[in-house]
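Here the structure comes first, spelled out in structure tokens, and everything after it is commentary.
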Amino acid sequence: MIMRGAEPFFLSGGKQGILLIHGFTGSPAEMLLLGKHLHRVGYTVMAVRLCGHGTTPDDMARTVWKDWYHSVCDAYYLLKGQCVSVSVIGMSMGGALALILSTEFPVKKVVSLSTPIFICAERGIDLLPPRKASKNIYFPKVRRRRFSSVPSYCDISYKKMPLICIHELLDCIQHLKRNLARVSVPVFIVQSKSDHTVDEKSGRYIYDKIKSSSKEILQLEKSGHLVILDMEKETVFSEIEKFMLRHY
């Protein structure tokens, strides 16, 4: 059963579609404020719920990263049936899936938000047990920062994570790294210096490795990992809107 508030959402608008992809252990709820902003300025918006997310951690433990990616592919087909073009915006791991999607489907543009290439050392990734030893083990998530100006229904995620899925996340990141040179669509990268989950050098790494002739990077100073919910979210929304309007 889907957690209340973790459902995918669809906002019908113009002929230009935008697919929103949430992050690891998250849900479409974290994309809601951005989705409503983009809908208000005329886009048709769809936020996908990744397989194994928004239900129970046990469900997630039975998935692999390609299941999450296939959820994105399914959502792309649904949105493309309603729109003349589809751009993709991904938060954290969702950004990795968005960039991968652009190498296999005719995506118009990609926005990569806090996308991981390097995980901050303080997250203890070096202490992750081997894959076989990670089965049936769950670890409490680090408590997210409280966002005073954001409704609680925009921050719905698991309170614990299956360690086996961290291995899947790392596999997804490795697949992205091997395929960054195949990314050729216009890309807008957002990364914060105060992100304590994804090392800030991830954004520059993506920028340097993709082959897009049109690529931009926005370096934030104050936000944490969830840049679309944190104190600089209005700046992020505005810059995404401008990026979508630019013609390349």
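Just remember, in the structure tokens the first chain shown is A, the second B, etc., residues are 1-based per chain, and ligands are 1-based in the order shown.
Near A:Ser192, within 8 Å and counting only C-alpha atoms, sit Ser114, Glu200, Gln219, Leu220, Glu221, Lys222, Ser223, Gly224, His225 and Val227 of chain A; same-chain residues fewer than 5 positions away were not included.
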Spatial neighbours of A:His70, 10 Å, only C-alpha atoms, chain gap at least 4 places, as a CSV table (one decimal) with N, CA and C atoms, in the first residue's frame:
```csv
chain,number,residue,atom,x,y,z
A,50,LEU,N,9.1,5.9,-7.8
A,50,LEU,CA,10.0,4.8,-8.2
A,50,LEU,C,9.6,3.5,-7.5
A,51,CYS,N,9.8,2.4,-8.2
A,51,CYS,CA,9.5,1.1,-7.7
A,51,CYS,C,10.1,0.9,-6.4
A,65,TRP,N,18.4,-1.3,-8.9
A,65,TRP,CA,18.3,0.1,-9.4
A,65,TRP,C,17.7,0.1,-10.8
A,66,LYS,N,17.8,-1.0,-11.5
A,66,LYS,CA,17.2,-1.0,-12.8
A,66,LYS,C,15.6,-1.0,-12.7
A,74,ASP,N,8.8,4.0,-17.9
A,74,ASP,CA,7.3,3.9,-18.0
A,74,ASP,C,6.7,5.3,-17.9
A,75,ALA,N,7.1,6.1,-17.0
A,75,ALA,CA,6.6,7.4,-16.8
A,75,ALA,C,6.9,8.3,-18.0
A,76,TYR,N,8.1,8.1,-18.6
A,76,TYR,CA,8.4,8.9,-19.8
A,76,TYR,C,7.4,8.6,-20.9
A,97,LEU,N,19.2,9.1,-12.6
A,97,LEU,CA,18.3,8.4,-13.5
A,97,LEU,C,17.9,9.3,-14.7
A,101,LEU,N,18.5,8.4,-18.5
A,101,LEU,CA,17.4,8.4,-19.4
A,101,LEU,C,17.7,9.2,-20.7
```
- Message: Show me, as number ranges by chain, the residues that have an atom within 8 Å of stretch 32-45 of chain A when counting only C-alpha atoms, minus same-chain residues fewer than 6 positions from it.
- Response: A: 10-20, 83, 154, 228-229, 237, 241
- Task: Show which residues sit within 9 Å of A:Ile240, as a ChimeraX atom specification. Count only C-alpha atoms, and ignore same-chain residues fewer than 4 positions away.
- Result: /A:38,111,188,235-236,244-245
What would the file look like if the residues just selected were written as a short mmCIF file (atom, residue, chain, number, x, y, z; two decimals), in the first residue's frame with N, CA, C and O atoms?
```
data_model
loop_
_atom_site.label_atom_id
_atom_site.label_comp_id
_atom_site.auth_asym_id
_atom_site.auth_seq_id
_atom_site.Cartn_x
_atom_site.Cartn_y
_atom_site.Cartn_z
N LEU A 38 6.19 24.81 -11.82
CA LEU A 38 6.31 24.63 -13.27
C LEU A 38 4.95 24.53 -13.94
O LEU A 38 4.77 25.00 -15.07
N VAL A 111 17.55 18.57 -15.91
CA VAL A 111 18.00 19.33 -14.74
C VAL A 111 18.46 18.32 -13.69
O VAL A 111 17.70 17.44 -13.30
N PHE A 188 21.23 21.40 -16.97
CA PHE A 188 21.39 22.41 -15.92
C PHE A 188 21.66 21.67 -14.62
O PHE A 188 20.86 20.84 -14.18
N THR A 235 15.14 30.52 -5.60
CA THR A 235 16.19 30.76 -6.59
C THR A 235 16.31 29.58 -7.54
O THR A 235 16.41 29.75 -8.77
N VAL A 236 16.28 28.37 -6.99
CA VAL A 236 16.36 27.16 -7.80
C VAL A 236 15.17 27.09 -8.77
O VAL A 236 15.35 26.83 -9.97
N MET A 244 14.48 26.28 -18.76
CA MET A 244 13.49 25.65 -19.62
C MET A 244 13.04 26.55 -20.76
O MET A 244 12.68 26.08 -21.85
N LEU A 245 13.08 27.86 -20.53
CA LEU A 245 12.65 28.81 -21.55
C LEU A 245 13.74 29.10 -22.59
O LEU A 245 13.43 29.60 -23.68
#
```
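Counting from atom CA of A:Asn179, the distance to atom CA of A:Lys141 is 29.2 Å.
The closest residue to A:Leu99, picked from A:Thr55, A:Lys209, A:Glu232, A:Val183 and counting only C-alpha atoms, is A:Val183.
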- Item | Which of A:Val107, A:Ile100, A:Met161, A:Ala133 sits closest to A:Ile210 [using only C-alpha atoms] | A:Ile100
- Query: Got a sec: who's within 12 Å of A:Thr197, counting only C-alpha atoms, leaving out chain neighbours fewer than 3 positions off, as a PyMOL selection string?
  - Reply: chain A and resi 24+92-93+114-125+141-145+191-194+200-202+223-227
- Message: Just want the 10 Å neighbourhood of A:Cys165, counted on only C-alpha atoms, with same-chain residues fewer than 6 positions away dropped. Output as number ranges by chain.
- Response: A: 24-25, 57, 60-65, 131, 134-135, 138, 171
Take the residues that were just selected and, keeping C-alpha atoms, output them as a PDB file, in the first residue's frame.
```pdb
ATOM      1  CA  PHE A  24      16.701   7.545  -2.923  1.00  0.00           C
ATOM      2  CA  THR A  25      14.162   6.411  -0.240  1.00  0.00           C
ATOM      3  CA  PRO A  57      11.402  -0.352   3.252  1.00  0.00           C
ATOM      4  CA  MET A  60      12.414  -1.375  -1.493  1.00  0.00           C
ATOM      5  CA  ALA A  61      14.758  -4.127  -0.302  1.00  0.00           C
ATOM      6  CA  ARG A  62      13.363  -6.396  -3.018  1.00  0.00           C
ATOM      7  CA  THR A  63      14.250  -3.996  -5.827  1.00  0.00           C
ATOM      8  CA  VAL A  64      17.380  -3.225  -7.833  1.00  0.00           C
ATOM      9  CA  TRP A  65      18.325   0.075  -9.423  1.00  0.00           C
ATOM     10  CA  ARG A 131      26.573  -6.915  -0.549  1.00  0.00           C
ATOM     11  CA  SER A 134      23.878  -6.292   3.756  1.00  0.00           C
ATOM     12  CA  LYS A 135      20.805  -8.405   3.117  1.00  0.00           C
ATOM     13  CA  TYR A 138      18.189  -1.755   7.795  1.00  0.00           C
ATOM     14  CA  ASP A 171      25.789   0.554  -8.972  1.00  0.00           C
TER      15      ASP A 171
END
```
- Item | Backbone-only DSSP, alpha helix (DSSP H) members of stretch 67-162 of chain A, as a PyMOL selection string | chain A and resi 67-80+93-102
Expected file: the selected residues, C-alpha atoms, as an mmCIF file, in the first residue's frame:
```cif
data_model
loop_
_atom_site.group_PDB
_atom_site.id
_atom_site.type_symbol
_atom_site.label_atom_id
_atom_site.label_comp_id
_atom_site.auth_asym_id
_atom_site.auth_seq_id
_atom_site.Cartn_x
_atom_site.Cartn_y
_atom_site.Cartn_z
ATOM 1 C CA ASP A 67 13.661 -1.414 -11.368
ATOM 2 C CA TRP A 68 13.811 2.250 -10.372
ATOM 3 C CA TYR A 69 15.010 3.156 -13.845
ATOM 4 C CA HIS A 70 12.234 1.173 -15.501
ATOM 5 C CA SER A 71 9.710 3.178 -13.458
ATOM 6 C CA VAL A 72 11.214 6.296 -15.041
ATOM 7 C CA CYS A 73 10.981 4.788 -18.526
ATOM 8 C CA ASP A 74 7.317 3.908 -18.006
ATOM 9 C CA ALA A 75 6.567 7.449 -16.817
ATOM 10 C CA TYR A 76 8.409 8.897 -19.816
ATOM 11 C CA TYR A 77 6.197 6.952 -22.216
ATOM 12 C CA LEU A 78 3.048 8.074 -20.403
ATOM 13 C CA LEU A 79 4.052 11.737 -20.456
ATOM 14 C CA LYS A 80 5.288 11.621 -24.052
ATOM 15 C CA MET A 93 19.517 9.743 -7.302
ATOM 16 C CA GLY A 94 16.647 10.953 -9.476
ATOM 17 C CA GLY A 95 19.164 13.195 -11.213
ATOM 18 C CA ALA A 96 21.313 10.187 -12.032
ATOM 19 C CA LEU A 97 18.280 8.404 -13.488
ATOM 20 C CA ALA A 98 17.373 11.530 -15.483
ATOM 21 C CA LEU A 99 20.838 11.734 -17.038
ATOM 22 C CA ILE A 100 20.795 8.015 -17.851
ATOM 23 C CA LEU A 101 17.355 8.405 -19.447
ATOM 24 C CA SER A 102 18.704 11.125 -21.730
#
```
- Of the listed residues A:Ser214, A:Ser149, A:Ser157, A:Ser85, that which approaches A:Met31 most closely, counting only C-alpha atoms: A:Ser157
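Distance check against A:Asp58 using only C-alpha atoms: of A:Gly5, A:Pro162, A:Pro28, A:Pro140, the minimum falls on A:Pro162.
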- Item | A:Lys108 environment, 7 Å, only C-alpha atoms, sequence neighbours closer than 6 positions dropped, as a PyMOL selection string | chain A and resi 85-87+185
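Here the question is which of A:Lys177, A:His196, A:Pro151, A:Leu128 gets nearest to A:Ile164 using only C-alpha atoms, and that residue is A:Leu128.
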